[in-house]
file data21.cif (mmCIF, C-alpha atoms)
data_coords
loop_
_atom_site.label_atom_id
_atom_site.label_comp_id
_atom_site.auth_asym_id
_atom_site.auth_seq_id
_atom_site.Cartn_x
_atom_site.Cartn_y
_atom_site.Cartn_z
CA MET A 28 0.00 0.00 0.00
CA MET A 29 1.02 3.62 -0.45
CA GLU A 30 3.28 5.33 2.02
CA LYS A 31 4.08 8.90 2.95
CA LYS A 32 7.26 10.02 1.23
CA SER A 33 10.39 10.53 3.19
CA GLY A 34 12.74 13.44 2.51
CA LYS A 35 14.33 11.39 -0.25
CA GLU A 36 12.15 11.33 -3.38
CA ASN A 37 11.38 8.13 -5.22
CA ASN A 38 13.72 8.18 -8.22
CA GLY A 39 11.77 5.53 -10.11
CA SER A 40 14.54 2.92 -9.84
CA GLU A 41 12.37 0.66 -7.69
CA LYS A 42 9.42 -1.06 -9.31
CA ARG A 43 6.11 -0.21 -7.72
CA LYS A 44 3.83 -2.66 -6.02
CA ARG A 45 1.48 -4.28 -8.52
CA LEU A 46 -1.70 -2.30 -8.95
CA GLU A 47 -4.84 -3.84 -7.53
CA LYS A 48 -7.25 -0.92 -7.11
CA ILE A 49 -7.43 2.52 -8.69
CA ALA A 50 -9.62 5.56 -8.07
CA VAL A 51 -11.07 8.02 -10.57
CA PHE A 52 -12.60 11.44 -9.99
CA THR A 53 -13.54 14.67 -11.73
CA SER A 54 -12.45 18.05 -10.46
CA GLY A 55 -12.91 21.74 -11.18
CA GLY A 56 -15.28 22.93 -13.89
CA ASP A 57 -17.36 20.24 -15.57
CA ALA A 58 -16.99 19.54 -19.27
CA PRO A 59 -19.06 17.45 -21.70
CA GLY A 60 -17.32 14.11 -22.18
CA MET A 61 -16.23 13.65 -18.57
CA ASN A 62 -18.67 10.75 -18.21
CA ALA A 63 -17.21 9.12 -21.30
CA ALA A 64 -13.77 9.38 -19.67
CA ILE A 65 -15.05 7.90 -16.40
CA ARG A 66 -16.56 5.02 -18.37
CA ALA A 67 -13.34 4.36 -20.29
CA VAL A 68 -11.15 4.49 -17.18
CA THR A 69 -13.46 2.14 -15.30
CA ARG A 70 -13.81 -0.42 -18.05
CA ALA A 71 -10.15 -0.34 -19.06
CA ALA A 72 -9.18 -0.90 -15.42
CA ILE A 73 -11.61 -3.80 -15.02
CA ALA A 74 -10.37 -5.33 -18.29
CA ASN A 75 -6.91 -5.34 -16.69
CA LYS A 76 -8.19 -7.08 -13.52
CA LEU A 77 -8.16 -3.90 -11.42
CA ARG A 78 -10.82 -2.83 -8.95
CA VAL A 79 -12.17 0.69 -9.34
CA ALA A 80 -13.46 3.29 -6.91
CA GLY A 81 -15.10 6.53 -7.90
CA ILE A 82 -14.50 9.58 -5.71
CA ARG A 83 -17.50 11.90 -5.57
CA HIS A 84 -17.16 15.70 -5.44
CA GLY A 85 -13.50 15.89 -6.46
CA TYR A 86 -10.73 16.54 -3.95
CA GLN A 87 -13.31 17.47 -1.31
CA GLY A 88 -14.77 13.99 -1.61
CA MET A 89 -11.28 12.55 -1.18
CA ILE A 90 -10.96 14.50 2.08
CA GLU A 91 -14.44 13.48 3.28
CA GLY A 92 -14.11 9.83 2.24
CA ASP A 93 -16.90 9.96 -0.35
CA PHE A 94 -15.97 6.82 -2.29
CA VAL A 95 -18.15 4.47 -4.32
CA ASN A 96 -17.12 1.16 -5.91
CA LEU A 97 -17.58 1.07 -9.67
CA LYS A 98 -18.41 -1.97 -11.78
CA ALA A 99 -18.75 -2.11 -15.56
CA ARG A 100 -22.54 -1.88 -15.29
CA ASP A 101 -22.29 1.25 -13.13
CA VAL A 102 -20.90 3.20 -16.08
CA SER A 103 -23.32 1.76 -18.62
CA GLY A 104 -25.51 4.31 -20.39
CA ILE A 105 -23.48 7.39 -19.43
CA LEU A 106 -21.47 7.86 -22.62
CA HIS A 107 -23.94 10.38 -24.04
CA GLN A 108 -24.58 12.29 -20.82
CA GLY A 109 -23.17 15.74 -20.10
CA GLY A 110 -21.86 16.72 -16.69
CA THR A 111 -20.25 14.09 -14.46
CA ILE A 112 -21.89 11.24 -12.54
CA LEU A 113 -19.16 11.59 -9.90
CA LYS A 114 -20.00 15.27 -9.39
CA THR A 115 -17.29 17.88 -9.12
CA ALA A 116 -16.21 20.64 -6.76
CA ARG A 117 -13.37 22.99 -5.94
CA SER A 118 -11.63 22.34 -2.62
CA LYS A 119 -9.65 25.01 -0.79
CA GLU A 120 -9.04 22.51 2.01
CA PHE A 121 -7.04 20.24 -0.27
CA PHE A 122 -4.47 22.99 -0.73
CA THR A 123 -3.59 22.74 2.98
CA GLU A 124 -1.28 20.09 4.43
CA GLU A 125 -4.04 19.03 6.82
CA GLY A 126 -6.48 18.53 3.97
CA ARG A 127 -4.05 16.44 1.96
CA ALA A 128 -3.27 14.34 5.04
CA LYS A 129 -6.98 13.53 5.42
CA ALA A 130 -7.18 12.65 1.74
CA TYR A 131 -4.18 10.34 2.03
CA GLU A 132 -5.65 8.51 5.01
CA ASN A 133 -8.88 7.92 3.10
CA LEU A 134 -7.03 6.64 0.05
CA LYS A 135 -5.09 4.29 2.29
CA LYS A 136 -8.27 3.16 4.03
CA GLU A 137 -9.82 2.34 0.64
CA CYS A 138 -6.66 0.48 -0.46
CA ILE A 139 -6.20 2.77 -3.47
CA ASP A 140 -2.92 2.16 -5.32
CA ALA A 141 -3.22 4.91 -7.95
CA VAL A 142 -5.53 7.72 -9.03
CA VAL A 143 -6.86 9.11 -12.32
CA VAL A 144 -7.93 12.76 -12.15
CA ILE A 145 -10.09 14.31 -14.88
CA GLY A 146 -9.89 18.11 -14.89
CA GLY A 147 -7.80 21.14 -15.76
CA ASP A 148 -4.70 22.95 -14.53
CA GLY A 149 -6.06 23.51 -11.02
CA SER A 150 -6.82 19.80 -10.67
CA PHE A 151 -3.34 18.84 -11.85
CA THR A 152 -1.73 21.42 -9.57
CA GLY A 153 -3.47 19.71 -6.66
CA ALA A 154 -2.20 16.32 -7.82
CA MET A 155 1.37 17.68 -8.02
CA ALA A 156 1.20 19.01 -4.47
CA PHE A 157 -0.12 15.68 -3.21
CA THR A 158 2.46 13.50 -4.95
CA LYS A 159 5.30 15.59 -3.53
CA GLU A 160 4.22 14.46 -0.07
CA TYR A 161 2.79 10.99 -0.66
CA ASP A 162 3.87 8.09 -2.81
CA VAL A 163 0.66 7.95 -4.83
CA PRO A 164 0.77 7.70 -8.63
CA PHE A 165 -1.56 10.23 -10.30
CA VAL A 166 -2.36 10.37 -14.01
CA GLY A 167 -4.44 13.22 -15.43
CA ILE A 168 -6.94 13.46 -18.26
CA PRO A 169 -7.50 17.04 -19.51
CA GLY A 170 -11.18 17.91 -19.19
CA THR A 171 -11.86 21.61 -19.81
CA ILE A 172 -13.89 23.43 -22.43
CA ASP A 173 -11.17 26.10 -22.76
CA ASN A 174 -8.70 23.80 -24.59
CA ASP A 175 -5.89 25.66 -22.82
CA MET A 176 -3.60 22.91 -21.51
CA TYR A 177 0.04 22.84 -22.59
CA GLY A 178 1.19 19.66 -24.32
CA THR A 179 -2.11 18.56 -25.84
CA ASP A 180 -3.91 19.78 -28.93
CA TYR A 181 -7.26 18.85 -27.44
CA THR A 182 -9.10 18.81 -24.13
CA ILE A 183 -12.36 17.00 -23.40
CA GLY A 184 -15.40 19.23 -23.74
CA TYR A 185 -13.94 21.75 -26.17
CA ASP A 186 -15.75 20.53 -29.28
CA THR A 187 -19.13 20.30 -27.57
CA ALA A 188 -18.79 23.78 -26.05
CA MET A 189 -17.78 25.23 -29.40
CA ASN A 190 -20.82 23.67 -31.09
CA THR A 191 -23.07 24.97 -28.31
CA ILE A 192 -21.75 28.48 -28.96
CA VAL A 193 -22.23 28.13 -32.71
CA ASP A 194 -25.82 26.97 -32.25
CA ALA A 195 -26.62 29.86 -29.89
CA VAL A 196 -24.94 32.53 -32.01
CA ASP A 197 -26.61 31.33 -35.21
CA LYS A 198 -29.95 32.00 -33.50
CA ILE A 199 -28.81 35.41 -32.25
CA LYS A 200 -27.68 36.31 -35.79
CA ASP A 201 -31.25 35.92 -37.00
CA THR A 202 -32.57 38.56 -34.62
CA ALA A 203 -29.49 40.74 -35.10
CA SER A 204 -30.14 40.80 -38.84
CA SER A 205 -33.85 41.46 -38.40
CA HIS A 206 -33.22 44.56 -36.28
CA GLY A 207 -29.87 45.71 -37.67
CA ARG A 208 -28.20 45.25 -34.30
CA ILE A 209 -24.62 44.76 -33.20
CA PHE A 210 -24.39 41.93 -30.67
CA PHE A 211 -21.45 41.53 -28.30
CA ILE A 212 -21.55 37.87 -27.28
CA GLU A 213 -19.46 36.75 -24.31
CA VAL A 214 -18.11 33.21 -24.25
CA MET A 215 -16.05 31.47 -21.61
CA GLY A 216 -12.28 31.78 -21.45
CA ARG A 217 -10.79 33.75 -18.57
CA GLU A 218 -7.18 33.50 -19.62
CA ALA A 219 -7.48 31.64 -22.91
CA GLY A 220 -9.19 32.72 -26.10
CA GLN A 221 -9.06 29.56 -28.19
CA LEU A 222 -12.75 28.78 -27.63
CA ALA A 223 -13.73 32.33 -28.62
CA LEU A 224 -11.39 32.31 -31.63
CA SER A 225 -12.57 29.01 -33.08
CA SER A 226 -16.26 29.58 -32.46
CA GLY A 227 -15.99 33.14 -33.80
CA ILE A 228 -14.61 31.90 -37.09
CA ALA A 229 -17.31 29.23 -37.23
CA VAL A 230 -20.10 31.82 -36.91
CA GLY A 231 -18.49 34.43 -39.14
CA ALA A 232 -17.99 37.01 -36.40
CA GLU A 233 -16.93 40.48 -37.51
CA ALA A 234 -14.36 40.63 -34.69
CA ILE A 235 -13.15 38.35 -31.91
CA LEU A 236 -11.70 39.87 -28.74
CA ILE A 237 -9.35 37.52 -26.90
CA PRO A 238 -6.75 37.97 -24.14
CA GLU A 239 -3.85 36.84 -26.33
CA SER A 240 -4.21 39.47 -29.07
CA THR A 241 -5.02 43.17 -29.41
CA SER A 242 -5.14 43.22 -33.20
CA GLN A 243 -8.84 42.34 -33.24
CA GLU A 244 -9.69 45.56 -31.43
CA MET A 245 -8.59 47.44 -34.55
CA GLU A 246 -10.67 45.09 -36.69
CA MET A 247 -13.66 45.83 -34.49
CA GLU A 248 -13.16 49.58 -34.91
CA LYS A 249 -12.99 49.19 -38.69
CA PHE A 250 -16.24 47.25 -38.71
CA LEU A 251 -18.00 49.70 -36.39
CA LYS A 252 -17.02 52.70 -38.51
CA LYS A 253 -18.32 50.95 -41.58
CA GLY A 254 -21.48 49.98 -39.73
CA TYR A 255 -21.99 53.61 -38.71
CA LYS A 256 -22.38 54.53 -42.37
CA GLU A 257 -24.57 51.52 -43.14
CA LYS A 258 -27.29 51.76 -40.50
CA ASP A 259 -29.00 48.53 -41.50
CA ARG A 260 -25.82 46.54 -41.01
CA SER A 261 -25.87 43.93 -38.24
CA GLY A 262 -22.93 42.13 -36.75
CA ILE A 263 -21.55 39.71 -34.21
CA ILE A 264 -18.53 40.40 -32.03
CA ILE A 265 -17.34 37.47 -29.91
CA VAL A 266 -15.66 38.37 -26.62
CA ALA A 267 -13.70 35.95 -24.39
CA GLU A 268 -14.80 36.72 -20.84
CA GLY A 269 -11.25 37.49 -19.69
CA GLY A 270 -10.25 38.01 -16.07
CA GLU A 271 -12.23 41.22 -15.59
CA PRO A 272 -15.85 40.78 -14.42
CA GLY A 273 -18.31 42.56 -16.69
CA ARG A 274 -15.71 43.07 -19.43
CA THR A 275 -18.13 42.54 -22.29
CA ILE A 276 -20.74 44.91 -20.86
CA LYS A 277 -18.10 47.62 -20.41
CA ILE A 278 -16.91 47.23 -24.01
CA ALA A 279 -20.48 47.37 -25.33
CA GLU A 280 -21.28 50.46 -23.23
CA ARG A 281 -18.21 52.25 -24.62
CA VAL A 282 -19.13 51.35 -28.19
CA ALA A 283 -22.74 52.48 -27.69
CA LYS A 284 -21.48 55.83 -26.40
CA GLU A 285 -19.00 56.33 -29.26
CA TYR A 286 -21.43 55.16 -31.96
CA PRO A 287 -24.86 56.37 -30.80
CA ASN A 288 -26.53 55.49 -34.12
CA LEU A 289 -25.74 51.81 -33.67
CA ASP A 290 -28.15 49.50 -31.84
CA VAL A 291 -25.80 47.64 -29.49
CA ARG A 292 -26.83 44.60 -27.44
CA VAL A 293 -25.03 42.13 -25.17
CA SER A 294 -25.60 38.40 -24.75
CA ILE A 295 -23.63 36.43 -22.16
CA LEU A 296 -23.87 32.71 -22.91
CA GLY A 297 -22.56 31.64 -19.51
CA HIS A 298 -22.82 28.09 -18.21
CA ILE A 299 -24.88 26.81 -21.11
CA GLN A 300 -21.46 26.19 -22.66
CA ARG A 301 -20.57 23.59 -20.03
CA GLY A 302 -23.63 21.40 -20.49
CA GLY A 303 -25.21 19.27 -23.16
CA THR A 304 -24.70 15.97 -24.88
CA PRO A 305 -21.03 15.52 -25.82
CA THR A 306 -20.23 15.41 -29.52
CA ALA A 307 -18.82 12.31 -31.17
CA LYS A 308 -15.38 13.94 -31.15
CA ASP A 309 -15.50 14.49 -27.39
CA ARG A 310 -16.73 10.95 -26.75
CA ILE A 311 -13.95 9.42 -28.84
CA ALA A 312 -11.23 11.64 -27.34
CA ALA A 313 -12.42 10.91 -23.81
CA THR A 314 -12.47 7.18 -24.47
CA LYS A 315 -8.97 7.16 -25.97
CA MET A 316 -7.58 9.21 -23.09
CA GLY A 317 -9.33 7.09 -20.46
CA VAL A 318 -7.86 3.85 -21.80
CA ALA A 319 -4.44 5.53 -22.19
CA ALA A 320 -4.54 6.64 -18.54
CA ILE A 321 -4.86 3.04 -17.35
CA ASP A 322 -2.14 1.93 -19.78
CA ALA A 323 0.14 4.61 -18.33
CA LEU A 324 -0.46 3.48 -14.74
CA LEU A 325 0.18 -0.14 -15.69
CA ASP A 326 3.41 1.07 -17.31
CA ASP A 327 4.46 2.59 -13.98
CA GLN A 328 3.90 6.19 -15.11
CA GLN A 329 2.97 8.91 -12.64
CA SER A 330 2.50 12.69 -12.39
CA ILE A 331 1.66 12.96 -16.07
CA MET A 332 -1.23 14.22 -18.16
CA ILE A 333 -2.53 12.22 -21.11
CA GLY A 334 -2.50 14.38 -24.23
CA LEU A 335 -3.60 14.15 -27.85
CA VAL A 336 -1.40 15.67 -30.54
CA LYS A 337 -1.22 15.48 -34.34
CA ASN A 338 -3.26 12.64 -35.84
CA ASP A 339 -4.73 11.98 -32.37
CA ARG A 340 -1.50 10.45 -31.12
CA ILE A 341 -1.35 9.81 -27.37
CA VAL A 342 1.46 11.57 -25.48
CA HIS A 343 2.48 11.82 -21.83
CA VAL A 344 3.04 15.35 -20.52
CA PRO A 345 4.54 15.93 -17.04
CA PHE A 346 2.17 17.79 -14.74
CA SER A 347 4.94 20.33 -14.14
CA LYS A 348 4.82 21.32 -17.81
CA ALA A 349 1.08 20.99 -18.32
CA VAL A 350 0.24 23.50 -15.57
CA LYS A 351 3.20 25.88 -15.75
CA LEU A 352 3.73 26.41 -19.47
CA ASP A 353 1.36 28.47 -21.59
CA HIS A 354 -0.80 26.91 -24.26
CA SER A 355 -0.65 29.25 -27.24
CA ILE A 356 -3.61 29.95 -29.48
CA ASP A 357 -3.59 28.96 -33.13
CA LYS A 358 -2.11 32.13 -34.65
CA ASP A 359 -2.94 30.88 -38.15
CA LEU A 360 -6.59 31.45 -37.27
CA LEU A 361 -5.85 35.12 -36.56
CA ASP A 362 -4.27 35.42 -40.01
CA ILE A 363 -7.33 33.78 -41.54
CA LEU A 364 -9.55 36.31 -39.77
CA ARG A 365 -7.67 39.21 -41.33
CA VAL A 366 -8.20 37.71 -44.77
CA ILE A 367 -11.90 36.89 -44.55
CA ASN A 368 -13.11 39.94 -42.59
CA ILE A 369 -12.86 42.45 -45.43
#
call {"tool": "encode", "arguments": {"input": "data21.cif", "output": "structure tokens"}}
result
Amino acid sequence: MMEKKSGKENNGSEKRKRLEKIAVFTSGGDAPGMNAAIRAVTRAAIANKLRVAGIRHGYQGMIEGDFVNLKARDVSGILHQGGTILKTARSKEFFTEEGRAKAYENLKKECIDAVVVIGGDGSFTGAMAFTKEYDVPFVGIPGTIDNDMYGTDYTIGYDTAMNTIVDAVDKIKDTASSHGRIFFIEVMGREAGQLALSSGIAVGAEAILIPESTSQEMEMEKFLKKGYKEKDRSGIIIVAEGGEPGRTIKIAERVAKEYPNLDVRVSILGHIQRGGTPTAKDRIAATKMGVAAIDALLDDQQSIMIGLVKNDRIVHVPFSKAVKLDHSIDKDLLDILRVINI
């Protein structure tokens, strides 16, 4: 069974005890496809003669001992469901030594040999802190609609969220056109604009405001000045929410003041982007990553994130890189915007 680490770190030269039981949980913001990942992890583990426990409510559930045994039938019929059957939460207590000590005792009590965590950078940061203190192998599966993790081209939930945005904006475009209105539509992405950028191109937005680039602000001004002369012109401007609360409303208020002849409206899509039936792409990605996570544990891997890169090839990315290095946006898409928005 697992032990608390001594001052000397495990250098990997000693082979670990054979795995007998693993745990899986979801943490942080939910993302469509998390259930597909839970299903894949559970069934891949059982196929390899491992027992499986689900931890409810993320790291908080680990601290409170909220464990449930999972059999193959327990994850039947969840592939198409949004959200997460294991629930999710954010736990400030886990980021204290006392909280992690409670979590360790519960893992030990449940005879857990290794853990699969499905979440984003905050979830993996928690796993890193834990594994520095306790000899517990953690493998991560990136589940976040923002698609902002370093080392992987894709995160679970991104495709579904993008299609949800496209569906919503297509409907808004109808009313925008009918009234000749300019809509500022806020999508999720506090520090990352990939979701806004991709969905904006998909809906034909006149401008896309993202944290990583200021060039689109000039494109927005060009469009607004043109729209000022053509009063019947409607338009869509996609705005990544950014780190500033009410950012989109402030931008729209400024534009309305500077261009009083324009009919400016704001629509904040909010948490609708997190829900819904996962797309085929998200289901397949989640399944591949879930199986790969068990393969990695059986191969004695730890403190890594499962990633997908070119041609959907599985890669292992150290947590230290996944959470500390920036995931850059696709700059080719910005170039494409400049070409098509004429």
call {"tool": "residues_around", "arguments": {"input": "data21.cif", "residues": "region 143-159 of chain A", "least_positions_apart": "3", "cutoff": "7 Å", "atoms": "only C-alpha atoms", "output": "list of chain:residue names"}}
result
A:Ala50, A:Val51, A:Phe52, A:Thr53, A:Ser54, A:Gly55, A:Phe122, A:Arg127, A:Asp162, A:Val163, A:Phe165, A:Val166, A:Gly167, A:Ile168, A:Pro169, A:Gly170, A:Thr171, A:Ser330, A:Phe346, A:Val350
call {"tool": "write_last_selection", "arguments": {"input": "data21.cif", "atoms": "C-alpha atoms", "output": "mmCIF file, in the coordinates of the input"}}
result
data_model
loop_
_atom_site.group_PDB
_atom_site.id
_atom_site.type_symbol
_atom_site.label_atom_id
_atom_site.label_comp_id
_atom_site.auth_asym_id
_atom_site.auth_seq_id
_atom_site.Cartn_x
_atom_site.Cartn_y
_atom_site.Cartn_z
ATOM 1 C CA ALA A 50 -9.620 5.560 -8.070
ATOM 2 C CA VAL A 51 -11.070 8.020 -10.570
ATOM 3 C CA PHE A 52 -12.600 11.440 -9.990
ATOM 4 C CA THR A 53 -13.540 14.670 -11.730
ATOM 5 C CA SER A 54 -12.450 18.050 -10.460
ATOM 6 C CA GLY A 55 -12.910 21.740 -11.180
ATOM 7 C CA PHE A 122 -4.470 22.990 -0.730
ATOM 8 C CA ARG A 127 -4.050 16.440 1.960
ATOM 9 C CA ASP A 162 3.870 8.090 -2.810
ATOM 10 C CA VAL A 163 0.660 7.950 -4.830
ATOM 11 C CA PHE A 165 -1.560 10.230 -10.300
ATOM 12 C CA VAL A 166 -2.360 10.370 -14.010
ATOM 13 C CA GLY A 167 -4.440 13.220 -15.430
ATOM 14 C CA ILE A 168 -6.940 13.460 -18.260
ATOM 15 C CA PRO A 169 -7.500 17.040 -19.510
ATOM 16 C CA GLY A 170 -11.180 17.910 -19.190
ATOM 17 C CA THR A 171 -11.860 21.610 -19.810
ATOM 18 C CA SER A 330 2.500 12.690 -12.390
ATOM 19 C CA PHE A 346 2.170 17.790 -14.740
ATOM 20 C CA VAL A 350 0.240 23.500 -15.570
#
call {"tool": "atom_distance", "arguments": {"input": "data21.cif", "atom1": "CA of Gly317 (chain A)", "atom2": "CA of Met61 (chain A)"}}
result
9.7 Å
call {"tool": "closest_residue", "arguments": {"input": "data21.cif", "among": "A:Ile341, A:Ile112, A:Leu97, A:Ile82", "to": "Leu134 (chain A)", "atoms": "all atoms listed in the file"}}
result
A:Ile82
call {"tool": "residues_around", "arguments": {"input": "data21.cif", "residues": "His298 (chain A)", "least_positions_apart": "3", "cutoff": "10 Å", "atoms": "only C-alpha atoms", "output": "list in words"}}
result
Asp57, Ala188, Val214, Met215, Ile295, Arg301 and Gly302 of chain A
call {"tool": "atom_distance", "arguments": {"input": "data21.cif", "atom1": "CA of Ile237 (chain A)", "atom2": "CA of Arg340 (chain A)"}}
result
28.5 Å
call {"tool": "closest_atom_pairs", "arguments": {"input": "data21.cif", "of": "region 256-277 of chain A", "to": "region 221-226 of chain A", "cutoff": "12 Å", "atoms": "all atoms listed in the file", "output": "tab-separated table"}}
result
residue	atom	partner	partner_atom	distance
A:Ile263	CA	A:Ser226	CA	11.6
A:Ile264	CA	A:Ala223	CA	10.0
A:Ile265	CA	A:Ala223	CA	6.4
A:Val266	CA	A:Ala223	CA	6.6
A:Ala267	CA	A:Ala223	CA	5.6
A:Glu268	CA	A:Ala223	CA	9.0
A:Gly269	CA	A:Ala223	CA	10.6
call {"tool": "closest_residue", "arguments": {"input": "data21.cif", "among": "A:Lys337, A:Lys284, A:Lys358, A:Arg217", "to": "Asp175 (chain A)", "atoms": "all atoms listed in the file"}}
result
A:Arg217
call {"tool": "closest_residue", "arguments": {"input": "data21.cif", "among": "A:Ala313, A:Ala229, A:Ile367, A:Ile183", "to": "Ala58 (chain A)", "atoms": "all atoms listed in the file"}}
result
A:Ile183
call {"tool": "resolve_selection", "arguments": {"input": "data21.cif", "expression": "the PyMOL selection byres ((chain A and resi 282) around 12)", "output": "PyMOL selection string"}}
result
chain A and resi 209-211+244+247-248+250-252+254-255+264+275-281+283-293
call {"tool": "atom_distance", "arguments": {"input": "data21.cif", "atom1": "CA of Pro164 (chain A)", "atom2": "CA of Thr123 (chain A)"}}
result
19.5 Å
call {"tool": "resolve_selection", "arguments": {"input": "data21.cif", "expression": "the PyMOL selection byres ((chain A and resi 356) around 12)", "output": "list in words"}}
result
Asp173, Asn174, Asp175, Met176, Tyr177, Asp180, Tyr181, Gly216, Glu218, Ala219, Gly220, Gln221, Leu222, Ala223, Leu224, Ser225, Ile237, Pro238, Glu239, Ser240, Asp353, His354, Ser355, Asp357, Lys358, Asp359, Leu360, Leu361 and Asp362 of chain A
call {"tool": "residues_around", "arguments": {"input": "data21.cif", "residues": "Arg100 (chain A)", "least_positions_apart": "5", "cutoff": "12 Å", "atoms": "only C-alpha atoms", "output": "ChimeraX atom specification"}}
result
/A:66,69-70,73,105
call {"tool": "build_atoms", "arguments": {"input": "data21.cif", "residues": "region 136-147 of chain A", "atoms": "N, CA and C atoms", "output": "compact mmCIF listing (two decimals), keeping the file's coordinate frame"}}
result
# COMPACT_ATOMS: atom_id res chain seq x y z
N LYS A 136 -7.17 3.95 3.47
CA LYS A 136 -8.27 3.16 4.03
C LYS A 136 -9.00 2.38 2.94
N GLU A 137 -9.13 2.98 1.76
CA GLU A 137 -9.82 2.34 0.64
C GLU A 137 -8.90 1.45 -0.19
N CYS A 138 -7.64 1.33 0.24
CA CYS A 138 -6.66 0.48 -0.46
C CYS A 138 -6.44 0.91 -1.91
N ILE A 139 -6.40 2.23 -2.13
CA ILE A 139 -6.20 2.77 -3.47
C ILE A 139 -4.71 2.80 -3.79
N ASP A 140 -4.33 2.21 -4.91
CA ASP A 140 -2.92 2.16 -5.32
C ASP A 140 -2.54 3.28 -6.27
N ALA A 141 -3.50 3.85 -6.99
CA ALA A 141 -3.22 4.91 -7.95
C ALA A 141 -4.52 5.65 -8.26
N VAL A 142 -4.37 6.85 -8.83
CA VAL A 142 -5.53 7.72 -9.03
C VAL A 142 -5.50 8.33 -10.43
N VAL A 143 -6.68 8.39 -11.06
CA VAL A 143 -6.86 9.11 -12.32
C VAL A 143 -7.72 10.34 -12.03
N VAL A 144 -7.20 11.51 -12.36
CA VAL A 144 -7.93 12.76 -12.15
C VAL A 144 -8.31 13.35 -13.50
N ILE A 145 -9.58 13.71 -13.65
CA ILE A 145 -10.09 14.31 -14.88
C ILE A 145 -10.41 15.77 -14.58
N GLY A 146 -9.67 16.70 -15.19
CA GLY A 146 -9.89 18.11 -14.89
C GLY A 146 -8.92 18.99 -15.65
N GLY A 147 -8.68 20.18 -15.11
CA GLY A 147 -7.80 21.14 -15.76
C GLY A 147 -6.57 21.45 -14.95
